[in-house]
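Student: Below you'll find the structure I mean.
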Amino acid sequence: MSNLSATQRLEIIREKNRPTVNDYIPAIFHHFTEFHGDRHYGDDAAIMAGIATLNSVPVTVIAQVKGRNLDENKKSNFSMPHPEGYRKALRLAYQAEKFHRPVICFVDTPGAFCGVEAEKRGQGEAIAKNIAEFMTLKTPVISVVLGEGGSGGALALAVCDELAMLENALYSVISPRGFASILWKDPSREKEAADLMKITAEDLQRFGVCDKIIAEPVGGAHNDPNLTADNISEYLMDAVARLSALDTDTLLEKRYQKFRKIGVFSEG
Amino acid sequence: MLEDLFKTVKDRFNAENAGQEQAKTPEIPKDLLFKCPRCQSVFYMDEFEKRRKTCPTCNYHARLSWRERLEITADKDSFVQFDENMTSLNPIGFPDYEKKIKSLQEKNGINDAIVTGVCTIRGYRAVLGIMDSNFMMASMGSVVGEKIARAFEYATENKLPVILFTASGGARMQEGIISLMQMAKTSGAVKRHSDAGGLYITVLTDPTTGGVTASFASLGDIILAEPKVLVGFAGRRVIQDTIKQKLPDDFQTAEFLLESGFVDAIVDRKSMRKSLSNILRLHNYKKVDAVAWQHG
Ligand SMILES: [Zn+2]
């Protein structure tokens with residue numbers, strides 16, 4: 001494991017050639033079949049979802065889509081989902097539960113989209129519902145943070161049995177820029193914020209939030225996307241096998257306790 | 001683009017307060033007057049107090065401290081508080097966080113942004129939680145998360161309904177990722193209570209925003225709101241910056257949510273106790289003698 005600071009990792013995950021789910025899905029899964037729409041309002045390209053096989057085991061894949069260039073990013077709204085994206089994710093999660101497929105979520109978002117339409121269609125309700133429903137989904141759920149995991153918009157796909165992070169990925173309550181803006185009224189202090197916030201995979205492992213750190217090649221995933229995909233794939237196969245071996249009650253109790261125990265307080 | 005995601009309220013009220021300065025009548029002391037942040041009308045504080053802190057012109061329901069809320073909600077002397085001494089530590093080592101917590105505790109007479117306990121409301125027993133925006137804009141950190149989770153677990157165990165008066169600026173930045181995880185912890189406890197058949201009523205009060213809107217505040221079986229209060233996920237200013245045009249005045253109000261389909265009913269403060277007890281009765285919860293039972 002490297003000893004890079006949060007600021008250095010921020011630069012790595014912003015590297016324009018950093019692989020995205022568009023690279024990883026074909027490299028990790030077979031027979032990926034995309035399904036669209038939330039059955040209520042529309043389809044949100046910020047979240048891609050479908051079914052596939054992982055080493056011949058059928059799984060459901062739900063992924064936030066970061067673009068590799070401006071065109072892709074415009075299409076996927078810079079990976080900032082609207083409520084219908086979260087509702088599509090939940091629809092596919094229920095489907096996975098029905099057919100006993102493990103769910104694999106890829107998290108890569110600065111946060112949920114902030115806009116008039118998103119508010120009107122219930123961004124808060126959509127995220128809340130995902131968080132609550134994933135907590136009791138009767139099938140294994142594994143989330144992998146690929147780059148940036150920002151705020152409730154990330155958590156809506158990260159209530160899981162195991163959370164893995166790529167070595168340089170960051171996961172935080174808000175983007176470092178937002179943090180600096182709120183607390184110091186100065187977004188330019190972003191780097192200072194990143195280092196203060198304790199948002200690296202190692203930090204999160206210490207807090208009990210991250211369960212597994214997936215190694216990246218030296219310098220970052222873009223230096224060898226195939227090797228990174230292999231590392232993710234190896235972890236997922238192991239995790240799916242381990243979690244599928246648990247009976248549902250045990251699985252759900254462990255999932256509840258994973259989040260239930262996070263908190264730092266004294267009782268005077 | 002994301003800065004201010006959880007900052008909603010502060011901006012809106014700062015902007016409104018800026019306008020307030022100019023309109024202020026200089027010869028009357030400020031503490032004798034209340035200026036409504038919604039309709040800008042100014043009236044005497046005692047009239048405002050007499051109306052339980054609601055605006056006589058537009059019916060905006062202003063913020064209450066937890067004590068004021070408790071007084072107008074629970075039956076007299078029925079409230080038994082849970083986890084009164086729980087206090088926040090400093091998980092990410094945020095500079096001066098402990099100091100800030102300590103000074104707010106002294107100022108507000110509470111240990112964090114929520115008070116939880118069990119009470120009766122017109123004779124119906126319920127677990128009650130009241131968030132207080134005077135304490136760091138009722139942001140959610142470890143203490144808020146833990147107290148809510150315990151309140152729901154207590155209610156599940158004792159087959160009681162839960163009523164939460166929500167108010168929040170969102171996640172508590174000073175606790176970093178730990179604060180984000182409280183969204184999952186609280187929502188998980190709500191879900192378990194729900195799966196066990198428990199009733200949960202949310203009452204949205206001014207302001208309910210950010211990570212609280214995106215977790216337990218949106219998960220009530222029944223979601224009530226006070227008139228004209230601010231409720232939303234994203235900050236008004238960040239949205240305004242994105243769309244580059246002025247937002248309608250009623251954007252992110254209780255009325256906006258009702259129209260969008262995310263609130264069951266808007267209820268006036270003066271009839272809240274009646275509405276709540278009526279809902280409890282309709283769910284077959286039995287009336288108890290307010291003094292006949294003991295907590296524990
Ligand atoms: Zn008014």
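Every chain in the structure tokens takes a letter, A first, then B, and so on in the order presented; its residues are numbered from 1, and the ligands are numbered from 1 following the presented order.
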List as JSON, numbers by chain the protein and nucleic acid residues near A:Val240, meaning an atom at most 8 Å away when only C-alpha atoms are counted, but skip any in the same chain fewer than 5 places from it.
Tutor: {"A": [102, 140, 142]}
Student: Would you mind exporting the chosen residues as a tab-separated table (two decimals), in the first residue's frame, restricted to all heavy atoms?
Tutor:
```tsv
chain	number	residue	atom	x	y	z
A	102	PRO	N	-26.72	-11.86	-6.22
A	102	PRO	CA	-25.96	-10.84	-5.48
A	102	PRO	C	-25.97	-9.53	-6.26
A	102	PRO	O	-26.05	-9.52	-7.49
A	102	PRO	CB	-24.54	-11.42	-5.44
A	102	PRO	CG	-24.70	-12.88	-5.69
A	102	PRO	CD	-25.90	-13.02	-6.58
A	140	PRO	N	-26.95	-10.81	-1.03
A	140	PRO	CA	-25.70	-10.09	-0.72
A	140	PRO	C	-25.56	-8.81	-1.55
A	140	PRO	O	-25.94	-8.77	-2.72
A	140	PRO	CB	-24.61	-11.09	-1.11
A	140	PRO	CG	-25.27	-12.43	-1.01
A	140	PRO	CD	-26.70	-12.21	-1.42
A	142	ILE	N	-22.59	-5.87	-2.41
A	142	ILE	CA	-21.19	-5.47	-2.31
A	142	ILE	C	-21.04	-4.14	-3.05
A	142	ILE	O	-21.50	-4.01	-4.18
A	142	ILE	CB	-20.27	-6.52	-2.98
A	142	ILE	CG1	-20.46	-7.88	-2.29
A	142	ILE	CG2	-18.81	-6.08	-2.92
A	142	ILE	CD1	-20.16	-9.04	-3.21
```
Student: Report as an NGL selection string which protein, DNA and RNA residues come within 9 Å of ligand 1, using only C-alpha atoms and all ligand atoms.
Tutor: :B and (35-42 or 54-61 or 228)
Student: Do you have, as a Markdown table, the list of residues of chain A lying at most 6 Å from chain B, each with its nearest atom pair and that distance in Å to one decimal, counting only C-alpha atoms and ordered by chain then number?
Tutor:
```
| residue | atom | partner | partner_atom | distance |
| --- | --- | --- | --- | --- |
| A:Cys114 | CA | B:Ala234 | CA | 5.4 |
| A:Gly115 | CA | B:Ile239 | CA | 5.0 |
| A:Lys120 | CA | B:Ser260 | CA | 5.9 |
| A:Gly124 | CA | B:Ala214 | CA | 3.9 |
| A:Glu125 | CA | B:Ser218 | CA | 5.2 |
| A:Ile127 | CA | B:Ala214 | CA | 5.4 |
| A:Ala128 | CA | B:Ser215 | CA | 4.2 |
| A:Ala132 | CA | B:Ser187 | CA | 5.1 |
| A:Met135 | CA | B:Gly188 | CA | 5.9 |
| A:Ser172 | CA | B:Ile177 | CA | 5.3 |
| A:Val173 | CA | B:Ile177 | CA | 5.0 |
| A:Gly178 | CA | B:Glu3 | CA | 3.4 |
| A:Ser181 | CA | B:Glu3 | CA | 5.7 |
| A:Ile182 | CA | B:Asp4 | CA | 5.9 |
| A:Met197 | CA | B:Gly176 | CA | 5.9 |
| A:Phe259 | CA | B:Lys185 | CA | 5.3 |
| A:Arg260 | CA | B:Lys185 | CA | 5.1 |
| A:Gly263 | CA | B:Ser142 | CA | 4.7 |
| A:Val264 | CA | B:Ser142 | CA | 5.7 |
| A:Phe265 | CA | B:Ser88 | CA | 4.5 |
| A:Ser266 | CA | B:Thr87 | CA | 5.3 |
| A:Glu267 | CA | B:Met86 | CA | 4.2 |
| A:Gly268 | CA | B:Asn85 | CA | 5.3 |
```
Student: Grab the residues selected above and save them as an mmCIF file, in the first residue's frame with N, CA and C atoms.
Tutor:
```cif
data_model
loop_
_atom_site.group_PDB
_atom_site.id
_atom_site.type_symbol
_atom_site.label_atom_id
_atom_site.label_comp_id
_atom_site.auth_asym_id
_atom_site.auth_seq_id
_atom_site.Cartn_x
_atom_site.Cartn_y
_atom_site.Cartn_z
ATOM 1 N N CYS A 114 -28.094 18.420 -7.854
ATOM 2 C CA CYS A 114 -28.824 19.469 -7.149
ATOM 3 C C CYS A 114 -29.543 20.331 -8.169
ATOM 4 N N GLY A 115 -30.845 20.215 -8.275
ATOM 5 C CA GLY A 115 -31.574 21.030 -9.252
ATOM 6 C C GLY A 115 -33.045 21.071 -8.931
ATOM 7 N N LYS A 120 -38.112 18.511 -7.081
ATOM 8 C CA LYS A 120 -39.526 18.288 -7.335
ATOM 9 C C LYS A 120 -39.853 16.799 -7.365
ATOM 10 N N GLY A 124 -34.367 13.738 -2.003
ATOM 11 C CA GLY A 124 -34.174 13.277 -0.625
ATOM 12 C C GLY A 124 -34.897 11.963 -0.372
ATOM 13 N N GLU A 125 -36.126 11.879 -0.813
ATOM 14 C CA GLU A 125 -36.921 10.653 -0.617
ATOM 15 C C GLU A 125 -36.296 9.481 -1.350
ATOM 16 N N ILE A 127 -33.139 8.923 -2.178
ATOM 17 C CA ILE A 127 -31.924 8.459 -1.505
ATOM 18 C C ILE A 127 -32.280 7.741 -0.203
ATOM 19 N N ALA A 128 -33.176 8.365 0.574
ATOM 20 C CA ALA A 128 -33.589 7.773 1.848
ATOM 21 C C ALA A 128 -34.145 6.369 1.642
ATOM 22 N N ALA A 132 -32.720 2.793 3.205
ATOM 23 C CA ALA A 132 -33.524 1.930 4.069
ATOM 24 C C ALA A 132 -33.764 0.557 3.440
ATOM 25 N N MET A 135 -30.815 -1.834 3.224
ATOM 26 C CA MET A 135 -30.451 -2.370 4.535
ATOM 27 C C MET A 135 -31.062 -3.748 4.771
ATOM 28 N N SER A 172 -16.425 10.429 1.119
ATOM 29 C CA SER A 172 -16.541 11.518 2.084
ATOM 30 C C SER A 172 -17.974 12.020 2.228
ATOM 31 N N VAL A 173 -18.207 12.731 3.298
ATOM 32 C CA VAL A 173 -19.541 13.259 3.590
ATOM 33 C C VAL A 173 -19.936 14.329 2.573
ATOM 34 N N GLY A 178 -16.590 21.301 -1.323
ATOM 35 C CA GLY A 178 -17.800 21.688 -0.608
ATOM 36 C C GLY A 178 -17.535 21.883 0.880
ATOM 37 N N SER A 181 -15.818 25.099 1.386
ATOM 38 C CA SER A 181 -16.759 26.185 1.126
ATOM 39 C C SER A 181 -17.696 26.400 2.319
ATOM 40 N N ILE A 182 -18.161 25.304 2.896
ATOM 41 C CA ILE A 182 -19.103 25.429 4.010
ATOM 42 C C ILE A 182 -18.411 25.878 5.290
ATOM 43 N N MET A 197 -10.033 15.922 6.246
ATOM 44 C CA MET A 197 -11.300 15.196 6.348
ATOM 45 C C MET A 197 -11.201 13.702 6.657
ATOM 46 N N PHE A 259 -23.332 -0.908 10.152
ATOM 47 C CA PHE A 259 -23.619 0.526 10.221
ATOM 48 C C PHE A 259 -24.026 0.957 11.639
ATOM 49 N N ARG A 260 -24.702 0.063 12.340
ATOM 50 C CA ARG A 260 -25.212 0.382 13.678
ATOM 51 C C ARG A 260 -24.083 0.784 14.617
ATOM 52 N N GLY A 263 -20.047 5.313 15.047
ATOM 53 C CA GLY A 263 -20.415 6.513 15.801
ATOM 54 C C GLY A 263 -19.396 6.690 16.913
ATOM 55 N N VAL A 264 -19.083 7.926 17.220
ATOM 56 C CA VAL A 264 -18.060 8.192 18.229
ATOM 57 C C VAL A 264 -18.634 9.175 19.246
ATOM 58 N N PHE A 265 -18.910 8.681 20.450
ATOM 59 C CA PHE A 265 -19.546 9.540 21.464
ATOM 60 C C PHE A 265 -19.200 9.005 22.841
ATOM 61 N N SER A 266 -19.478 9.800 23.864
ATOM 62 C CA SER A 266 -19.329 9.304 25.228
ATOM 63 C C SER A 266 -20.689 9.439 25.911
ATOM 64 N N GLU A 267 -20.863 8.694 26.982
ATOM 65 C CA GLU A 267 -22.159 8.768 27.664
ATOM 66 C C GLU A 267 -22.015 9.432 29.018
ATOM 67 N N GLY A 268 -21.034 10.337 29.088
ATOM 68 C CA GLY A 268 -20.821 11.186 30.271
ATOM 69 C C GLY A 268 -20.828 10.410 31.558
#
```
Student: One number please: atom CA of A:Ala27 to atom CA of A:Ser5, in Å, one decimal.
Tutor: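 Result for atom CA of A:Ala27 versus atom CA of A:Ser5: 29.0 Å, one decimal.
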Student: I'd like the contact shell of A:Tyr235 - 9 Å cut-off, only C-alpha atoms, skipping same-chain residues fewer than 4 positions apart - returned as a list of chain:residue names.
Tutor: A:Ala164, A:Lys212, A:Ile214, A:Asp230, A:Asn231, A:Ala239, A:Val240
Student: Generate a file of the selected residues that holds N, CA and C atoms, formatted as a compact mmCIF listing (two decimals), in the first residue's frame.
Tutor:
```
# COMPACT_ATOMS: atom_id res chain seq x y z
N ALA A 164 -15.82 -2.05 -0.48
CA ALA A 164 -14.42 -2.06 -0.90
C ALA A 164 -14.09 -0.73 -1.54
N LYS A 212 -12.40 -3.48 2.65
CA LYS A 212 -11.35 -4.08 1.82
C LYS A 212 -10.75 -3.01 0.91
N ILE A 214 -8.65 -2.42 -2.44
CA ILE A 214 -8.23 -3.12 -3.65
C ILE A 214 -7.05 -2.37 -4.26
N ASP A 230 -8.62 -6.85 -12.95
CA ASP A 230 -8.35 -8.19 -12.39
C ASP A 230 -8.42 -8.17 -10.87
N ASN A 231 -7.86 -7.13 -10.28
CA ASN A 231 -7.88 -7.04 -8.82
C ASN A 231 -9.30 -6.90 -8.28
N ALA A 239 -15.72 -12.28 -2.50
CA ALA A 239 -16.77 -11.73 -1.64
C ALA A 239 -18.13 -12.37 -1.93
N VAL A 240 -18.45 -12.56 -3.21
CA VAL A 240 -19.72 -13.18 -3.58
C VAL A 240 -19.80 -14.59 -2.99
```
Student: What lies within 6 Å of A:Thr53 using only C-alpha atoms, ignoring chain neighbours under 5 positions off, as a ChimeraX atom specification?
Tutor: /A:29-30,58-59
Student: Can I get the selected residues back with all heavy atoms, as a tab-separated table (two decimals), in the first residue's frame?
Tutor:
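Written file, selection-v2.tsv:
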```tsv
chain	number	residue	atom	x	y	z
A	29	PHE	N	-17.09	-8.64	-16.07
A	29	PHE	CA	-18.29	-9.47	-16.21
A	29	PHE	C	-18.42	-10.04	-17.63
A	29	PHE	O	-17.81	-9.54	-18.57
A	29	PHE	CB	-19.54	-8.64	-15.89
A	29	PHE	CG	-19.50	-8.03	-14.52
A	29	PHE	CD1	-19.11	-6.70	-14.35
A	29	PHE	CD2	-19.83	-8.78	-13.40
A	29	PHE	CE1	-19.06	-6.13	-13.07
A	29	PHE	CE2	-19.78	-8.21	-12.12
A	29	PHE	CZ	-19.39	-6.88	-11.97
A	30	HIS	N	-19.25	-11.06	-17.75
A	30	HIS	CA	-19.67	-11.54	-19.06
A	30	HIS	C	-21.17	-11.33	-19.22
A	30	HIS	O	-21.90	-11.27	-18.24
A	30	HIS	CB	-19.34	-13.03	-19.22
A	30	HIS	CG	-17.88	-13.27	-19.42
A	30	HIS	ND1	-17.06	-13.79	-18.44
A	30	HIS	CD2	-17.08	-13.01	-20.49
A	30	HIS	CE1	-15.82	-13.85	-18.90
A	30	HIS	NE2	-15.80	-13.40	-20.14
A	58	PRO	N	-24.66	-15.53	-11.91
A	58	PRO	CA	-25.47	-14.37	-12.28
A	58	PRO	C	-25.48	-13.32	-11.16
A	58	PRO	O	-25.68	-13.66	-9.99
A	58	PRO	CB	-26.88	-14.94	-12.47
A	58	PRO	CG	-26.69	-16.41	-12.62
A	58	PRO	CD	-25.47	-16.77	-11.84
A	59	VAL	N	-25.25	-12.08	-11.53
A	59	VAL	CA	-25.26	-10.98	-10.56
A	59	VAL	C	-26.01	-9.79	-11.17
A	59	VAL	O	-26.20	-9.71	-12.38
A	59	VAL	CB	-23.84	-10.52	-10.18
A	59	VAL	CG1	-23.07	-11.62	-9.44
A	59	VAL	CG2	-23.05	-10.07	-11.42
```
Student: When distances are computed from only C-alpha atoms, which of B:Arg122, B:Lys147, B:Arg237, B:Arg269 shows the smallest separation from B:Val288?
Tutor: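 Checking each of B:Arg122, B:Lys147, B:Arg237, B:Arg269 against B:Val288, counting only C-alpha atoms, the winner is B:Arg122.
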Student: When you draw a straight line from atom CA of B:Cys119 to atom CA of B:Leu258, how long is it in Å?
Tutor: 28.7 Å
Student: Would you work out the distance separating atom CA of B:Ile222 from atom CA of B:Leu164, expressed in Å to one decimal?
Tutor: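 A separation of 10.9 Å between them.
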Student: Looking only at strand (DSSP E) from DSSP on the backbone, list the matching residues of stretch 17-264 of chain A as an MDAnalysis selection string.
Tutor: chainID A and resid 30:34 47:54 57:64 103:109 141:150 162:166 170:172 212:214
Student: For the selection just defined, write its residues with N, CA and C atoms to a file, as a compact mmCIF listing (two decimals), in the first residue's frame.
Tutor:
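Listing of result-v7.txt after writing:
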```txt
# COMPACT_ATOMS: atom_id res chain seq x y z
N HIS A 30 -19.25 -11.06 -17.75
CA HIS A 30 -19.67 -11.54 -19.06
C HIS A 30 -21.17 -11.33 -19.22
N HIS A 31 -21.60 -11.31 -20.47
CA HIS A 31 -23.03 -11.22 -20.80
C HIS A 31 -23.72 -10.05 -20.16
N PHE A 32 -23.04 -8.94 -19.95
CA PHE A 32 -23.73 -7.80 -19.32
C PHE A 32 -24.88 -7.34 -20.21
N THR A 33 -26.07 -7.26 -19.61
CA THR A 33 -27.26 -6.82 -20.32
C THR A 33 -27.84 -5.63 -19.57
N GLU A 34 -27.86 -4.49 -20.22
CA GLU A 34 -28.31 -3.30 -19.52
C GLU A 34 -29.83 -3.20 -19.52
N ILE A 47 -26.75 6.50 -13.87
CA ILE A 47 -26.63 5.18 -13.26
C ILE A 47 -26.93 4.13 -14.32
N MET A 48 -25.95 3.22 -14.51
CA MET A 48 -26.12 2.13 -15.46
C MET A 48 -26.42 0.87 -14.65
N ALA A 49 -27.40 0.10 -15.09
CA ALA A 49 -27.75 -1.08 -14.31
C ALA A 49 -28.15 -2.23 -15.23
N GLY A 50 -27.90 -3.43 -14.76
CA GLY A 50 -28.27 -4.59 -15.56
C GLY A 50 -27.85 -5.87 -14.88
N ILE A 51 -27.90 -6.96 -15.66
CA ILE A 51 -27.48 -8.25 -15.12
C ILE A 51 -26.31 -8.78 -15.93
N ALA A 52 -25.54 -9.65 -15.32
CA ALA A 52 -24.33 -10.17 -15.97
C ALA A 52 -23.90 -11.42 -15.22
N THR A 53 -22.86 -12.06 -15.70
CA THR A 53 -22.29 -13.13 -14.90
C THR A 53 -20.89 -12.72 -14.44
N LEU A 54 -20.61 -13.11 -13.22
CA LEU A 54 -19.28 -12.92 -12.64
C LEU A 54 -18.73 -14.31 -12.43
N VAL A 57 -21.42 -16.81 -12.27
CA VAL A 57 -22.51 -16.60 -11.31
C VAL A 57 -23.34 -15.38 -11.76
N PRO A 58 -24.66 -15.53 -11.91
CA PRO A 58 -25.47 -14.37 -12.28
C PRO A 58 -25.48 -13.32 -11.16
N VAL A 59 -25.25 -12.08 -11.53
CA VAL A 59 -25.26 -10.98 -10.56
C VAL A 59 -26.01 -9.79 -11.17
N THR A 60 -26.43 -8.87 -10.29
CA THR A 60 -26.98 -7.59 -10.74
C THR A 60 -25.91 -6.53 -10.54
N VAL A 61 -25.71 -5.72 -11.56
CA VAL A 61 -24.67 -4.67 -11.50
C VAL A 61 -25.35 -3.31 -11.55
N ILE A 62 -25.01 -2.44 -10.59
CA ILE A 62 -25.56 -1.08 -10.56
C ILE A 62 -24.37 -0.13 -10.43
N ALA A 63 -24.23 0.79 -11.39
CA ALA A 63 -22.99 1.56 -11.43
C ALA A 63 -23.23 3.03 -11.74
N GLN A 64 -22.53 3.89 -11.02
CA GLN A 64 -22.55 5.32 -11.35
C GLN A 64 -21.54 5.56 -12.47
N VAL A 103 -25.93 -8.40 -5.52
CA VAL A 103 -25.91 -7.08 -6.13
C VAL A 103 -24.51 -6.48 -5.98
N ILE A 104 -23.97 -6.00 -7.09
CA ILE A 104 -22.67 -5.34 -7.04
C ILE A 104 -22.85 -3.89 -7.49
N CYS A 105 -22.52 -2.96 -6.56
CA CYS A 105 -22.67 -1.53 -6.86
C CYS A 105 -21.30 -0.90 -7.06
N PHE A 106 -21.17 -0.09 -8.08
CA PHE A 106 -19.95 0.69 -8.26
C PHE A 106 -20.27 2.16 -7.98
N VAL A 107 -19.54 2.72 -7.04
CA VAL A 107 -19.78 4.10 -6.60
C VAL A 107 -18.71 5.00 -7.21
N ASP A 108 -19.16 6.02 -7.90
CA ASP A 108 -18.22 6.98 -8.50
C ASP A 108 -18.98 8.26 -8.81
N THR A 109 -19.18 9.07 -7.78
CA THR A 109 -20.00 10.28 -7.96
C THR A 109 -19.55 11.40 -7.03
N VAL A 141 -25.05 -7.75 -0.91
CA VAL A 141 -24.78 -6.49 -1.59
C VAL A 141 -23.32 -6.11 -1.34
N ILE A 142 -22.59 -5.87 -2.41
CA ILE A 142 -21.19 -5.47 -2.31
C ILE A 142 -21.04 -4.14 -3.05
N SER A 143 -20.43 -3.14 -2.39
CA SER A 143 -20.21 -1.86 -3.05
C SER A 143 -18.71 -1.61 -3.21
N VAL A 144 -18.34 -1.09 -4.36
CA VAL A 144 -16.94 -0.78 -4.62
C VAL A 144 -16.84 0.69 -5.01
N VAL A 145 -16.06 1.46 -4.24
CA VAL A 145 -15.85 2.87 -4.58
C VAL A 145 -14.68 2.93 -5.55
N LEU A 146 -14.95 3.44 -6.76
CA LEU A 146 -13.92 3.43 -7.81
C LEU A 146 -13.06 4.69 -7.81
N GLY A 147 -13.71 5.84 -7.56
CA GLY A 147 -12.97 7.10 -7.61
C GLY A 147 -13.39 7.97 -6.45
N GLU A 148 -14.48 8.69 -6.71
CA GLU A 148 -14.96 9.63 -5.72
C GLU A 148 -16.30 9.14 -5.20
N GLY A 149 -16.44 9.07 -3.90
CA GLY A 149 -17.73 8.76 -3.31
C GLY A 149 -18.15 9.95 -2.50
N GLY A 150 -19.13 10.70 -3.00
CA GLY A 150 -19.50 11.94 -2.33
C GLY A 150 -20.90 11.93 -1.77
N GLU A 162 -20.42 -5.56 2.34
CA GLU A 162 -19.00 -5.20 2.35
C GLU A 162 -18.79 -4.01 1.44
N LEU A 163 -17.99 -3.06 1.94
CA LEU A 163 -17.61 -1.91 1.12
C LEU A 163 -16.12 -2.03 0.81
N ALA A 164 -15.82 -2.05 -0.48
CA ALA A 164 -14.42 -2.06 -0.90
C ALA A 164 -14.09 -0.73 -1.54
N MET A 165 -12.84 -0.35 -1.46
CA MET A 165 -12.42 0.89 -2.13
C MET A 165 -11.16 0.61 -2.93
N LEU A 166 -11.10 1.14 -4.14
CA LEU A 166 -9.82 1.13 -4.83
C LEU A 166 -8.85 1.93 -3.98
N LEU A 170 -11.61 7.91 -2.82
CA LEU A 170 -11.93 8.72 -1.64
C LEU A 170 -13.44 8.63 -1.39
N TYR A 171 -13.81 8.62 -0.13
CA TYR A 171 -15.23 8.52 0.20
C TYR A 171 -15.48 9.51 1.34
N SER A 172 -16.43 10.43 1.12
CA SER A 172 -16.54 11.52 2.08
C SER A 172 -17.97 12.02 2.23
N LYS A 212 -12.40 -3.48 2.65
CA LYS A 212 -11.35 -4.08 1.82
C LYS A 212 -10.75 -3.01 0.91
N ILE A 213 -9.45 -2.96 0.86
CA ILE A 213 -8.78 -2.02 -0.06
C ILE A 213 -8.25 -2.82 -1.24
N ILE A 214 -8.65 -2.42 -2.44
CA ILE A 214 -8.23 -3.12 -3.65
C ILE A 214 -7.05 -2.37 -4.26
```
Student: According to DSSP computed on the backbone, where in stretch 90-142 of chain B is there alpha helix (DSSP H)? Give the residues as a ChimeraX atom specification.
Tutor: /B:97-108,142
Student: Got a sec: who's within 8 Å of B:Asp206, counting only C-alpha atoms, leaving out chain neighbours fewer than 5 positions off, as a list in words?
Tutor: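 Once the nearby chain positions are removed, what remains is His61, Ala62, Arg63, Ala167, Glu226, Val229, Leu230 and Val231 of chain B.
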Student: Fewer than 5 positions away in the same chain doesn't count, so skip those; otherwise give me all residues within 9 Å of A:Glu190, counting only C-alpha atoms, as number ranges by chain.
Tutor: A: 7, 175-181, 195
Student: Neighbouring residues of stretch 200-204 of chain B were defined as those with any atom within 6 Å, considering only C-alpha atoms; residues of the same chain fewer than 3 positions away were excluded. Please report them as a list of chain:residue names.
Tutor: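 Returned residues: B:Pro161, B:Val162, B:Ile163, B:Leu164, B:Phe165, B:Thr166, B:Gly220, B:Asp221, B:Ile222, B:Ile223, B:Leu224, B:Ala225.
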Student: Just write the chosen residues, N, CA and C atoms, as a compact mmCIF listing (two decimals), in the first residue's frame.
Tutor:
```
# COMPACT_ATOMS: atom_id res chain seq x y z
N PRO B 161 -45.24 3.61 18.91
CA PRO B 161 -45.05 4.46 17.73
C PRO B 161 -43.93 5.47 17.98
N VAL B 162 -43.37 6.00 16.90
CA VAL B 162 -42.33 7.04 17.02
C VAL B 162 -42.82 8.30 16.31
N ILE B 163 -42.63 9.43 16.97
CA ILE B 163 -42.91 10.73 16.35
C ILE B 163 -41.63 11.55 16.39
N LEU B 164 -41.16 11.96 15.22
CA LEU B 164 -39.96 12.80 15.17
C LEU B 164 -40.30 14.16 14.59
N PHE B 165 -39.93 15.21 15.34
CA PHE B 165 -39.98 16.57 14.80
C PHE B 165 -38.60 16.84 14.21
N THR B 166 -38.52 16.88 12.88
CA THR B 166 -37.20 17.01 12.26
C THR B 166 -36.87 18.48 12.00
N GLY B 220 -41.03 8.42 7.09
CA GLY B 220 -42.22 8.24 7.91
C GLY B 220 -43.33 7.51 7.17
N ASP B 221 -44.11 6.70 7.92
CA ASP B 221 -45.33 6.13 7.32
C ASP B 221 -46.25 7.27 6.97
N ILE B 222 -46.24 8.27 7.85
CA ILE B 222 -47.03 9.47 7.64
C ILE B 222 -46.10 10.66 7.81
N ILE B 223 -46.09 11.53 6.82
CA ILE B 223 -45.21 12.70 6.88
C ILE B 223 -46.06 13.96 6.93
N LEU B 224 -45.99 14.65 8.08
CA LEU B 224 -46.69 15.91 8.26
C LEU B 224 -45.67 17.04 8.14
N ALA B 225 -46.15 18.24 7.89
CA ALA B 225 -45.24 19.38 7.87
C ALA B 225 -45.95 20.58 8.46
```
